[in-house]
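Shown next: my_file.cif, containing mmCIF, C-alpha atoms.
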data_work
loop_
_atom_site.label_atom_id
_atom_site.label_comp_id
_atom_site.auth_asym_id
_atom_site.auth_seq_id
_atom_site.Cartn_x
_atom_site.Cartn_y
_atom_site.Cartn_z
CA MET A 1 -22.72 34.93 -37.95
CA ALA A 2 -22.21 32.05 -35.52
CA PRO A 3 -22.36 28.53 -37.00
CA SER A 4 -25.43 26.44 -36.22
CA GLY A 5 -23.30 23.84 -34.42
CA SER A 6 -22.10 26.32 -31.80
CA ARG A 7 -25.68 27.55 -31.25
CA SER A 8 -26.90 24.01 -30.56
CA VAL A 9 -24.06 23.45 -28.09
CA ASP A 10 -24.97 26.68 -26.28
CA CYS A 11 -28.59 25.56 -26.09
CA TRP A 12 -27.58 22.27 -24.52
CA ARG A 13 -25.42 24.11 -21.99
CA VAL A 14 -28.42 26.22 -21.01
CA LEU A 15 -30.47 23.07 -20.48
CA TYR A 16 -27.81 21.77 -18.08
CA TRP A 17 -28.83 24.52 -15.64
CA ILE A 18 -32.44 23.26 -15.36
CA PRO A 19 -31.70 20.92 -12.40
CA VAL A 20 -29.87 23.76 -10.60
CA LEU A 21 -32.82 26.09 -11.25
CA PHE A 22 -35.22 23.44 -9.95
CA ILE A 23 -33.28 23.04 -6.68
CA SER A 24 -33.02 26.83 -6.31
CA LEU A 25 -36.78 27.24 -6.69
CA ILE A 26 -37.46 24.46 -4.18
CA VAL A 27 -35.12 26.09 -1.65
CA ALA A 28 -36.65 29.54 -2.19
CA TRP A 29 -40.17 28.16 -1.75
CA SER A 30 -39.14 26.22 1.39
CA TYR A 31 -37.81 29.46 2.90
CA TYR A 32 -41.10 31.22 2.20
CA ALA A 33 -43.18 28.31 3.49
CA TYR A 34 -41.18 27.87 6.71
CA VAL A 35 -40.38 31.46 7.68
CA VAL A 36 -43.44 33.34 6.41
CA GLN A 37 -46.20 30.75 6.56
CA LEU A 38 -45.06 28.57 9.46
CA CYS A 39 -42.93 30.71 11.80
CA ILE A 40 -44.52 34.12 11.32
CA GLY A 41 -48.01 32.85 10.59
CA LYS A 42 -47.94 30.38 13.50
CA THR A 43 -45.82 32.52 15.84
CA GLY A 44 -42.99 29.99 15.80
CA SER A 45 -40.23 29.94 18.39
CA LEU A 46 -37.40 32.46 17.97
CA VAL A 47 -34.89 29.67 18.60
CA TYR A 48 -36.33 27.71 15.68
CA VAL A 49 -36.00 30.76 13.44
CA LEU A 50 -32.35 31.31 14.42
CA VAL A 51 -31.37 27.66 13.98
CA TYR A 52 -33.21 27.54 10.66
CA HIS A 53 -31.34 30.57 9.31
CA VAL A 54 -27.95 29.17 10.37
CA LEU A 55 -28.66 25.90 8.54
CA PHE A 56 -30.10 27.75 5.57
CA ILE A 57 -27.02 30.00 5.20
CA MET A 58 -24.54 27.12 5.50
CA PHE A 59 -26.58 25.02 3.07
CA VAL A 60 -26.78 27.77 0.44
CA TRP A 61 -23.11 28.72 0.93
CA SER A 62 -21.84 25.16 0.42
CA TYR A 63 -24.19 24.63 -2.54
CA TRP A 64 -22.93 27.84 -4.15
CA GLN A 65 -19.31 26.77 -3.66
CA THR A 66 -19.96 23.35 -5.18
CA ILE A 67 -21.58 24.89 -8.25
CA PHE A 68 -19.19 27.74 -9.01
CA THR A 69 -15.82 26.31 -7.97
CA LYS A 70 -14.11 25.58 -11.27
CA PRO A 71 -12.44 22.17 -11.58
CA MET A 72 -8.65 22.33 -11.41
CA ASN A 73 -6.66 21.48 -14.52
CA PRO A 74 -3.53 19.30 -14.32
CA LEU A 75 -0.24 21.17 -13.96
CA LYS A 76 1.72 22.23 -17.04
CA GLU A 77 4.26 19.47 -16.58
CA PHE A 78 1.59 16.89 -17.48
CA HIS A 79 0.79 18.58 -20.80
CA LEU A 80 2.69 17.51 -23.89
CA SER A 81 5.04 20.00 -25.48
CA HIS A 82 4.61 20.99 -29.11
CA SER A 83 7.46 18.75 -30.23
CA ASP A 84 6.12 15.78 -28.28
CA LYS A 85 2.67 16.28 -29.82
CA GLU A 86 4.14 16.22 -33.33
CA LEU A 87 6.24 13.17 -32.51
CA LEU A 88 3.22 11.33 -31.13
CA GLU A 89 1.08 12.22 -34.14
CA ARG A 90 3.69 10.86 -36.56
CA GLU A 91 3.71 7.46 -34.88
CA ASP A 92 1.03 5.05 -36.04
CA ARG A 93 1.94 2.02 -33.96
CA ARG A 94 0.54 1.88 -30.43
CA GLU A 95 3.77 0.39 -29.08
CA SER A 96 5.80 3.33 -30.38
CA GLN A 97 3.32 5.80 -28.93
CA GLN A 98 3.56 4.10 -25.55
CA GLU A 99 7.36 4.32 -25.67
CA ILE A 100 7.09 8.07 -26.21
CA LEU A 101 4.60 8.43 -23.37
CA ARG A 102 6.76 6.34 -21.04
CA ARG A 103 9.74 8.56 -21.81
CA ILE A 104 7.72 11.69 -20.99
CA ALA A 105 6.23 10.16 -17.85
CA LYS A 106 9.49 8.92 -16.33
CA ASP A 107 9.99 12.16 -14.35
CA LEU A 108 6.34 12.54 -13.33
CA PRO A 109 4.62 11.13 -10.22
CA ILE A 110 2.39 8.80 -12.23
CA TYR A 111 1.90 5.39 -10.65
CA THR A 112 -1.47 4.24 -12.01
CA ARG A 113 -2.03 2.59 -15.36
CA THR A 114 -4.85 1.54 -17.61
CA MET A 115 -6.34 -1.94 -17.21
CA SER A 116 -3.93 -3.15 -19.89
CA GLY A 117 -0.92 -1.61 -18.12
CA ALA A 118 -0.47 1.33 -20.52
CA ILE A 119 0.25 4.95 -19.64
CA ARG A 120 -2.99 6.87 -19.06
CA TYR A 121 -3.17 9.51 -21.80
CA CYS A 122 -6.01 11.85 -22.80
CA ASP A 123 -6.08 12.38 -26.56
CA ARG A 124 -8.58 15.24 -26.23
CA CYS A 125 -6.67 17.35 -23.71
CA LEU A 126 -3.30 16.08 -25.00
CA LEU A 127 -1.87 15.37 -21.58
CA LEU A 128 -0.69 12.49 -19.41
CA LYS A 129 -3.38 11.91 -16.83
CA PRO A 130 -2.20 12.37 -13.24
CA ASP A 131 -3.23 9.71 -10.76
CA ARG A 132 -6.99 9.74 -10.06
CA CYS A 133 -7.57 12.18 -12.94
CA HIS A 134 -10.28 11.41 -15.52
CA HIS A 135 -11.75 13.14 -18.55
CA CYS A 136 -15.32 14.39 -18.15
CA SER A 137 -17.31 14.30 -21.37
CA ALA A 138 -19.87 16.81 -20.04
CA CYS A 139 -17.22 19.39 -19.05
CA ASP A 140 -14.92 18.34 -21.93
CA MET A 141 -11.81 18.55 -19.75
CA CYS A 142 -9.67 16.40 -17.45
CA ILE A 143 -10.72 16.70 -13.81
CA LEU A 144 -8.24 16.19 -10.96
CA LYS A 145 -9.36 13.40 -8.59
CA MET A 146 -12.66 13.21 -10.39
CA ASP A 147 -15.51 11.74 -8.35
CA HIS A 148 -18.47 12.19 -10.69
CA HIS A 149 -20.30 14.77 -12.78
CA CYS A 150 -23.31 15.96 -10.78
CA PRO A 151 -26.24 17.36 -12.80
CA TRP A 152 -27.74 18.92 -9.65
CA VAL A 153 -24.80 21.34 -9.45
CA ASN A 154 -23.99 21.34 -13.19
CA ASN A 155 -20.36 20.78 -12.33
CA CYS A 156 -17.81 18.05 -11.89
CA VAL A 157 -17.15 16.99 -8.32
CA GLY A 158 -13.43 16.53 -7.89
CA PHE A 159 -10.38 17.65 -5.97
CA ALA A 160 -11.27 21.36 -6.10
CA ASN A 161 -14.81 21.08 -4.68
CA TYR A 162 -15.20 17.64 -3.09
CA LYS A 163 -15.11 19.13 0.42
CA PHE A 164 -17.80 21.63 -0.62
CA PHE A 165 -19.90 18.78 -1.99
CA MET A 166 -19.61 16.84 1.28
CA LEU A 167 -20.63 19.91 3.29
CA PHE A 168 -23.49 20.54 0.87
CA LEU A 169 -24.80 17.02 1.52
CA ALA A 170 -24.34 17.40 5.29
CA TYR A 171 -26.03 20.79 5.62
CA SER A 172 -28.84 19.97 3.20
CA LEU A 173 -29.54 16.80 5.22
CA LEU A 174 -29.55 18.75 8.50
CA TYR A 175 -31.75 21.40 6.89
CA CYS A 176 -34.33 18.85 5.73
CA LEU A 177 -34.29 16.96 9.04
CA PHE A 178 -34.79 20.18 11.01
CA VAL A 179 -37.70 21.29 8.80
CA THR A 180 -39.28 17.83 9.04
CA ALA A 181 -38.97 17.67 12.84
CA THR A 182 -40.33 21.16 13.52
CA ASP A 183 -43.12 20.87 10.94
CA LEU A 184 -44.30 17.48 12.20
CA GLN A 185 -46.71 18.81 14.86
CA TYR A 186 -48.47 21.06 12.34
CA PHE A 187 -48.58 18.22 9.83
CA ILE A 188 -50.39 16.08 12.40
CA GLN A 189 -52.80 18.93 13.12
CA PHE A 190 -53.50 19.16 9.40
CA TRP A 191 -54.78 15.56 9.30
CA THR A 192 -56.75 15.96 12.55
CA ASN A 193 -58.39 19.15 11.29
CA GLY A 194 -56.61 21.17 13.95
CA LEU A 195 -55.41 23.83 11.53
CA PRO A 196 -57.55 26.68 10.26
CA ASP A 197 -58.61 26.42 6.64
CA THR A 198 -56.10 28.92 5.19
CA GLN A 199 -53.45 28.98 2.51
CA ALA A 200 -50.77 28.17 5.11
CA LYS A 201 -52.03 24.64 5.71
CA PHE A 202 -51.16 23.56 2.17
CA HIS A 203 -47.65 25.03 2.42
CA ILE A 204 -47.18 23.16 5.71
CA MET A 205 -48.34 19.87 4.22
CA PHE A 206 -46.17 20.03 1.08
CA LEU A 207 -43.20 21.33 3.08
CA PHE A 208 -43.32 18.23 5.30
CA PHE A 209 -43.59 15.89 2.31
CA ALA A 210 -40.72 17.57 0.44
CA ALA A 211 -38.39 17.78 3.44
CA SER A 212 -38.97 14.19 4.57
CA THR A 213 -38.53 12.80 1.05
CA PHE A 214 -35.27 14.68 0.47
CA SER A 215 -34.07 13.61 3.94
CA VAL A 216 -34.23 9.93 3.03
CA SER A 217 -32.36 10.26 -0.27
CA LEU A 218 -29.78 12.65 1.18
CA ALA A 219 -29.13 10.36 4.15
CA PHE A 220 -28.19 7.44 1.89
CA LEU A 221 -26.05 9.61 -0.39
CA PHE A 222 -24.25 11.30 2.51
CA ALA A 223 -23.57 7.97 4.24
CA TYR A 224 -22.14 6.54 1.02
CA HIS A 225 -19.76 9.47 0.52
CA CYS A 226 -18.70 9.34 4.18
CA TRP A 227 -17.69 5.74 3.54
CA LEU A 228 -15.77 6.83 0.45
CA VAL A 229 -13.92 9.52 2.43
CA CYS A 230 -12.93 7.01 5.13
CA LYS A 231 -11.62 4.64 2.44
CA ASN A 232 -10.00 7.45 0.39
CA ARG A 233 -11.81 6.44 -2.78
CA SER A 234 -13.76 8.35 -5.38
CA THR A 235 -17.03 7.11 -6.81
CA LEU A 236 -15.19 6.02 -9.95
CA GLU A 237 -12.59 4.15 -7.90
CA ALA A 238 -15.32 2.42 -5.91
CA PHE A 239 -16.69 0.91 -9.12
CA ARG A 240 -13.28 0.29 -10.72
CA ALA A 241 -10.21 0.03 -8.52
CA PRO A 242 -7.15 2.05 -9.65
CA THR A 243 -4.58 -0.09 -11.42
CA PHE A 244 -0.96 -0.01 -10.28
CA GLN A 245 1.96 -1.98 -11.66
CA HIS A 246 1.11 -4.93 -9.43
CA GLY A 247 -2.53 -4.82 -10.59
CA PRO A 248 -5.81 -3.28 -9.38
CA ASP A 249 -5.75 -2.18 -5.75
CA LYS A 250 -8.73 -0.36 -4.28
CA ASN A 251 -6.73 0.49 -1.14
CA GLY A 252 -3.77 1.96 -2.98
CA PHE A 253 -4.45 5.53 -1.79
CA SER A 254 -5.78 4.70 1.68
CA LEU A 255 -3.69 6.06 4.57
CA GLY A 256 -6.05 5.18 7.42
CA THR A 257 -9.41 6.69 8.34
CA SER A 258 -8.13 9.81 10.14
CA LYS A 259 -5.55 10.68 7.47
CA ASN A 260 -8.03 10.00 4.69
CA PHE A 261 -10.43 12.43 6.35
CA CYS A 262 -7.70 15.07 6.69
CA GLN A 263 -6.80 14.71 3.02
CA VAL A 264 -10.28 15.99 2.12
CA PHE A 265 -11.03 18.40 4.99
CA GLY A 266 -7.50 19.53 5.88
CA ASP A 267 -5.55 19.35 9.12
CA GLU A 268 -6.94 22.59 10.63
CA LYS A 269 -10.13 21.80 12.54
CA LYS A 270 -11.40 25.39 12.43
CA TYR A 271 -12.05 25.02 8.68
CA TRP A 272 -13.71 21.60 8.72
CA LEU A 273 -17.29 22.88 8.92
CA LEU A 274 -16.80 25.92 6.68
CA PRO A 275 -17.16 25.82 2.86
CA VAL A 276 -13.63 27.15 2.31
CA PHE A 277 -10.93 25.19 0.53
CA SER A 278 -8.65 23.35 2.97
CA SER A 279 -7.92 20.02 1.27
CA LEU A 280 -4.34 18.75 1.38
CA GLY A 281 -2.14 18.33 -1.68
CA ASP A 282 -2.13 19.73 -5.19
CA GLY A 283 -4.54 17.25 -6.81
CA CYS A 284 -1.86 15.88 -9.15
CA SER A 285 0.11 13.64 -6.80
CA PHE A 286 -1.15 11.60 -3.86
CA PRO A 287 0.72 9.65 -1.19
CA THR A 288 0.14 5.93 -1.56
CA CYS A 289 0.09 3.30 1.15
CA LEU A 290 -0.21 -0.18 -0.30
CA VAL A 291 0.04 -2.12 2.96
CA ASN A 292 -3.31 -1.29 4.57
CA ALA A 293 -5.46 -4.38 4.89
CA ASP A 294 -9.15 -4.18 4.06
CA PRO A 295 -11.62 -6.68 5.56
CA GLU A 296 -13.45 -6.72 2.21
CA GLN A 297 -10.39 -8.23 0.52
CA PRO A 298 -9.16 -11.79 1.20
CA SER A 299 -5.88 -11.74 3.06
CA SER A 300 -2.95 -14.12 2.85
CA PRO A 301 -1.93 -16.26 5.85
CA SER A 302 0.72 -13.72 6.75
CA GLY A 303 -1.97 -11.05 7.10
CA ARG A 304 -0.93 -9.09 4.01
CA ASN A 305 -2.47 -8.88 0.59
CA PRO A 306 -0.45 -11.16 -1.73
CA SER A 307 -0.69 -8.60 -4.55
CA ILE A 308 1.17 -5.97 -2.48
CA LYS A 309 4.78 -5.38 -3.39
CA SER A 310 7.47 -3.22 -1.96
CA ALA A 311 7.51 0.49 -2.70
CA GLY A 312 10.47 0.09 -5.02
CA GLU A 313 8.74 -2.62 -7.05
CA SER A 314 5.40 -0.82 -7.35
CA HIS A 315 6.76 2.61 -8.34
CA GLN A 316 8.54 2.76 -11.64
CA PHE A 317 9.07 6.52 -11.75
CA PRO A 318 11.13 8.55 -9.32
CA PRO A 319 8.70 10.11 -6.83
CA LYS A 320 8.01 13.82 -6.97
CA PRO A 321 8.72 15.66 -3.69
CA LEU A 322 5.50 15.77 -1.70
CA ARG A 323 4.05 18.94 -0.31
CA GLU A 324 4.47 19.53 3.42
CA SER A 325 0.86 18.54 4.12
CA GLN A 326 1.26 15.26 2.23
CA SER A 327 4.56 14.48 3.94
CA ARG A 328 2.91 14.99 7.33
CA LEU A 329 0.28 12.40 6.47
CA LEU A 330 2.91 9.78 5.70
CA ASN A 331 5.33 10.74 8.48
CA ASN A 332 2.60 10.61 11.11
CA GLY A 333 1.58 7.16 9.95
CA GLN A 334 5.17 5.91 10.00
CA SER A 335 5.89 7.40 13.43
CA GLU A 336 2.71 5.94 14.89
CA GLY A 337 3.59 2.54 13.44
CA SER A 338 7.11 2.65 14.86
CA GLU A 339 5.80 3.66 18.29
CA ASP A 340 3.38 0.73 18.26
CA ARG A 341 6.19 -1.64 17.30
CA ASP A 342 8.40 -0.28 20.10
CA LYS A 343 5.58 -0.74 22.62
CA ARG A 344 5.00 -4.32 21.46
CA GLY A 345 8.74 -5.00 21.65
CA ASP A 346 8.96 -3.67 25.21
CA ALA A 347 5.94 -5.71 26.25
CA SER A 348 7.37 -8.93 24.81
CA HIS A 349 10.72 -8.21 26.47
CA LEU A 350 9.04 -7.80 29.88
CA THR A 351 7.06 -10.99 29.33
CA SER A 352 10.22 -12.96 28.63
CA ILE A 353 11.83 -11.55 31.79
CA HIS A 354 8.84 -12.59 33.92
CA LYS A 355 8.97 -16.08 32.44
CA THR A 356 12.67 -16.48 33.29
CA ILE A 357 11.99 -15.25 36.83
#

Before anything else, please render the file you have as C-alpha cells.
Amino acid sequence: MAPSGSRSVDCWRVLYWIPVLFISLIVAWSYYAYVVQLCIGKTGSLVYVLVYHVLFIMFVWSYWQTIFTKPMNPLKEFHLSHSDKELLEREDRRESQQEILRRIAKDLPIYTRTMSGAIRYCDRCLLLKPDRCHHCSACDMCILKMDHHCPWVNNCVGFANYKFFMLFLAYSLLYCLFVTATDLQYFIQFWTNGLPDTQAKFHIMFLFFAASTFSVSLAFLFAYHCWLVCKNRSTLEAFRAPTFQHGPDKNGFSLGTSKNFCQVFGDEKKYWLLPVFSSLGDGCSFPTCLVNADPEQPSSPSGRNPSIKSAGESHQFPPKPLRESQSRLLNNGQSEGSEDRDKRGDASHLTSIHKTI
C-alpha cells in the first residue's frame, strides 16, 4: 500500500497539468471555430485555410516539444563521488566544506560563484552546479541554463528546450495575429448586424476576443525573450547578474548579438525555424567574453568596464576544451576583431602618409 505522502505528491503533479489542459482546449476550440464555423461556414479563402494550417502545425509542434523535452541533467563529472559525499558530510564547518568543494571544482569549467564568492553547490542533487545551472523546486532537479519554470508547459525552460520555447512564442503570436486579422471583418459585421443569427456568430465573436487578447500578451513576452537572446541572458540572470570572481557581471556570457543568437538557434540556418534541437554547446560550459560593453552599464573613461579583468585573473580553474561549435563562436569574434584592428591600422597609416605629403 502506497504511503499517503506519495499519493498527495501525485495529486499535486496531476494538478500541474491543468494549465496545459486549458491551453489545449483553447487551441482545439479555436481550430473548430476558425476552420468549421468561419472558413467552411463562411466559404473562406483557400489561401487562408492553407496559411492557417501551416501556422497551426508549427505552433502545436513547438508547443509539444517545449512540454515533452526533458531537461538535461549536468554531466557525471559534476556529481560528487561516494567518497566525496562522505567526506563532505563529516565536515561541520562551512570553511572546510568549501575547501573540499574547491578541490573538486579545480578541474571543472566552473567560473561563476554565489553572491558571497563560494562554490555553487546543490545539497539536494549533491553536485557542483555548472555555470548558469539552477535547482528547480517544482521539478526537484538541477536544470542546465535554467530560464524559468513555466506552468503553461508544466516544464522547466532551459538549455534543452529554450529554442522550442522561443519558437512556441513566435508561432503562437503569428497564429493569434493571423486569426485576429482574418476574423476582423466578420467581427465588424457582427456588431453591424451583418451576420445571420446562427451559432457561428458567437464563435466568431469569442474567437476574435481570445486571439486579440493573447496577441497582446504574447507580443510583450516574445519581445522580452528576444531581448534576452540578443544579450545572452536567462530570465534569472536578467534579475540577478551571474557572479564571477571579479563580481557580478550581466554581460559575462555575451558574445555579440549574432553569436548570442547562434548559441540558441545553432549555426545552420535551415534549422532555425524548425522545432528541432540545434543549440550550440553541451549546456555545462559556456564561452565567456567579459570585454563587451553594454550601454546600460556606466563605462570608465577608457571605454571599458572597470570591473573587467583579464582572462587569467577572472578564471581560477583551467578551462575545459570547448566543443567545436563553441570554439567557432570565439574564434569568429577574435578574427573579426583582428580584421577591424588591421583595417584601422592601415587607415591611420595612410592618413599619416597623406599628412607628410

Next on the checklist: If I take CA of Trp17 (chain A) and CA of Tyr224 (chain A), how far is one from the other in Å, to one decimal?
Outcome noted: 25.4 Å

Next on the checklist: Can you spell out as a ChimeraX atom specification the set of residues that the PyMOL selection byres ((chain A and resi 65) around 9) selects in the structure I just provided?
Outcome noted: /A:60-64,66-69,161,164-165,168,275-276

Those residues with C-alpha atoms, as a PDB file, in the coordinates of the input please?
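Once written, out23.pdb looks like this:
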ATOM      1  CA  VAL A  60     -26.780  27.770   0.440  1.00  0.00           C
ATOM      2  CA  TRP A  61     -23.110  28.720   0.930  1.00  0.00           C
ATOM      3  CA  SER A  62     -21.840  25.160   0.420  1.00  0.00           C
ATOM      4  CA  TYR A  63     -24.190  24.630  -2.540  1.00  0.00           C
ATOM      5  CA  TRP A  64     -22.930  27.840  -4.150  1.00  0.00           C
ATOM      6  CA  THR A  66     -19.960  23.350  -5.180  1.00  0.00           C
ATOM      7  CA  ILE A  67     -21.580  24.890  -8.250  1.00  0.00           C
ATOM      8  CA  PHE A  68     -19.190  27.740  -9.010  1.00  0.00           C
ATOM      9  CA  THR A  69     -15.820  26.310  -7.970  1.00  0.00           C
ATOM     10  CA  ASN A 161     -14.810  21.080  -4.680  1.00  0.00           C
ATOM     11  CA  PHE A 164     -17.800  21.630  -0.620  1.00  0.00           C
ATOM     12  CA  PHE A 165     -19.900  18.780  -1.990  1.00  0.00           C
ATOM     13  CA  PHE A 168     -23.490  20.540   0.870  1.00  0.00           C
ATOM     14  CA  PRO A 275     -17.160  25.820   2.860  1.00  0.00           C
ATOM     15  CA  VAL A 276     -13.630  27.150   2.310  1.00  0.00           C
TER      16      VAL A 276
END

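By all atoms listed in the file, and with residues fewer than 4 positions from Gly283 (chain A) along its chain excluded, the set lying at most 12 Å from it is A:Pro71, A:Met72, A:Asn73, A:Pro74, A:Leu75, A:Pro109, A:Lys129, A:Pro130, A:Asp131, A:Arg132, A:Cys133, A:His134, A:Cys142, A:Ile143, A:Leu144, A:Lys145, A:Met146, A:Gly158, A:Phe159, A:Ala160, A:Asn161, A:Tyr162, A:Gln263, A:Val264, A:Ser279, A:Pro287, A:Leu322, A:Arg323, A:Gln326.
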
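Between Lys163 (chain A) and the residues A:Leu280, A:Ala223, A:Cys150, A:Val47, the shortest atom-to-atom distance, using only C-alpha atoms, involves A:Leu280.
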
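Relative to CA of Asn260 (chain A), CA of Lys231 (chain A) is found at 6.8 Å.
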
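Using all atoms listed in the file, the nearest neighbour of Thr180 (chain A) within the list A:Glu89, A:Tyr34, A:Ala200, A:His148 is A:Tyr34.
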
Please, can region 114-128 of chain A be completed to N, CA, C and O atoms and returned as a tab-separated table (two decimals), keeping the file's coordinate frame?
chain	number	residue	atom	x	y	z
A	114	THR	N	-3.58	2.03	-17.11
A	114	THR	CA	-4.85	1.54	-17.61
A	114	THR	C	-4.99	0.07	-17.23
A	114	THR	O	-4.07	-0.54	-16.69
A	115	MET	N	-6.13	-0.53	-17.52
A	115	MET	CA	-6.34	-1.94	-17.21
A	115	MET	C	-5.36	-2.83	-17.94
A	115	MET	O	-4.99	-3.91	-17.46
A	116	SER	N	-4.89	-2.38	-19.11
A	116	SER	CA	-3.93	-3.15	-19.89
A	116	SER	C	-2.49	-2.85	-19.51
A	116	SER	O	-1.57	-3.42	-20.09
A	117	GLY	N	-2.27	-1.93	-18.55
A	117	GLY	CA	-0.92	-1.61	-18.12
A	117	GLY	C	-0.28	-0.46	-18.88
A	117	GLY	O	0.92	-0.19	-18.69
A	118	ALA	N	-1.02	0.24	-19.73
A	118	ALA	CA	-0.47	1.33	-20.52
A	118	ALA	C	-0.51	2.64	-19.74
A	118	ALA	O	-1.22	2.76	-18.74
A	119	ILE	N	0.27	3.61	-20.23
A	119	ILE	CA	0.25	4.95	-19.64
A	119	ILE	C	-1.11	5.59	-19.91
A	119	ILE	O	-1.63	5.53	-21.03
A	120	ARG	N	-1.69	6.23	-18.91
A	120	ARG	CA	-2.99	6.87	-19.06
A	120	ARG	C	-2.80	8.23	-19.75
A	120	ARG	O	-2.20	9.14	-19.21
A	121	TYR	N	-3.35	8.31	-20.97
A	121	TYR	CA	-3.17	9.51	-21.80
A	121	TYR	C	-4.51	9.97	-22.33
A	121	TYR	O	-5.36	9.15	-22.73
A	122	CYS	N	-4.77	11.28	-22.28
A	122	CYS	CA	-6.01	11.85	-22.80
A	122	CYS	C	-5.73	12.45	-24.17
A	122	CYS	O	-4.97	13.43	-24.29
A	123	ASP	N	-6.33	11.89	-25.21
A	123	ASP	CA	-6.08	12.38	-26.56
A	123	ASP	C	-6.92	13.61	-26.90
A	123	ASP	O	-6.74	14.20	-27.97
A	124	ARG	N	-7.81	14.02	-26.01
A	124	ARG	CA	-8.58	15.24	-26.23
A	124	ARG	C	-7.89	16.45	-25.60
A	124	ARG	O	-7.82	17.52	-26.19
A	125	CYS	N	-7.40	16.26	-24.38
A	125	CYS	CA	-6.67	17.35	-23.71
A	125	CYS	C	-5.18	17.32	-24.00
A	125	CYS	O	-4.46	18.25	-23.62
A	126	LEU	N	-4.71	16.24	-24.64
A	126	LEU	CA	-3.30	16.08	-25.00
A	126	LEU	C	-2.40	16.20	-23.77
A	126	LEU	O	-1.48	17.01	-23.71
A	127	LEU	N	-2.67	15.37	-22.79
A	127	LEU	CA	-1.87	15.37	-21.58
A	127	LEU	C	-1.82	13.96	-20.99
A	127	LEU	O	-2.67	13.11	-21.27
A	128	LEU	N	-0.78	13.72	-20.19
A	128	LEU	CA	-0.69	12.49	-19.41
A	128	LEU	C	-1.54	12.67	-18.15
A	128	LEU	O	-1.36	13.64	-17.42
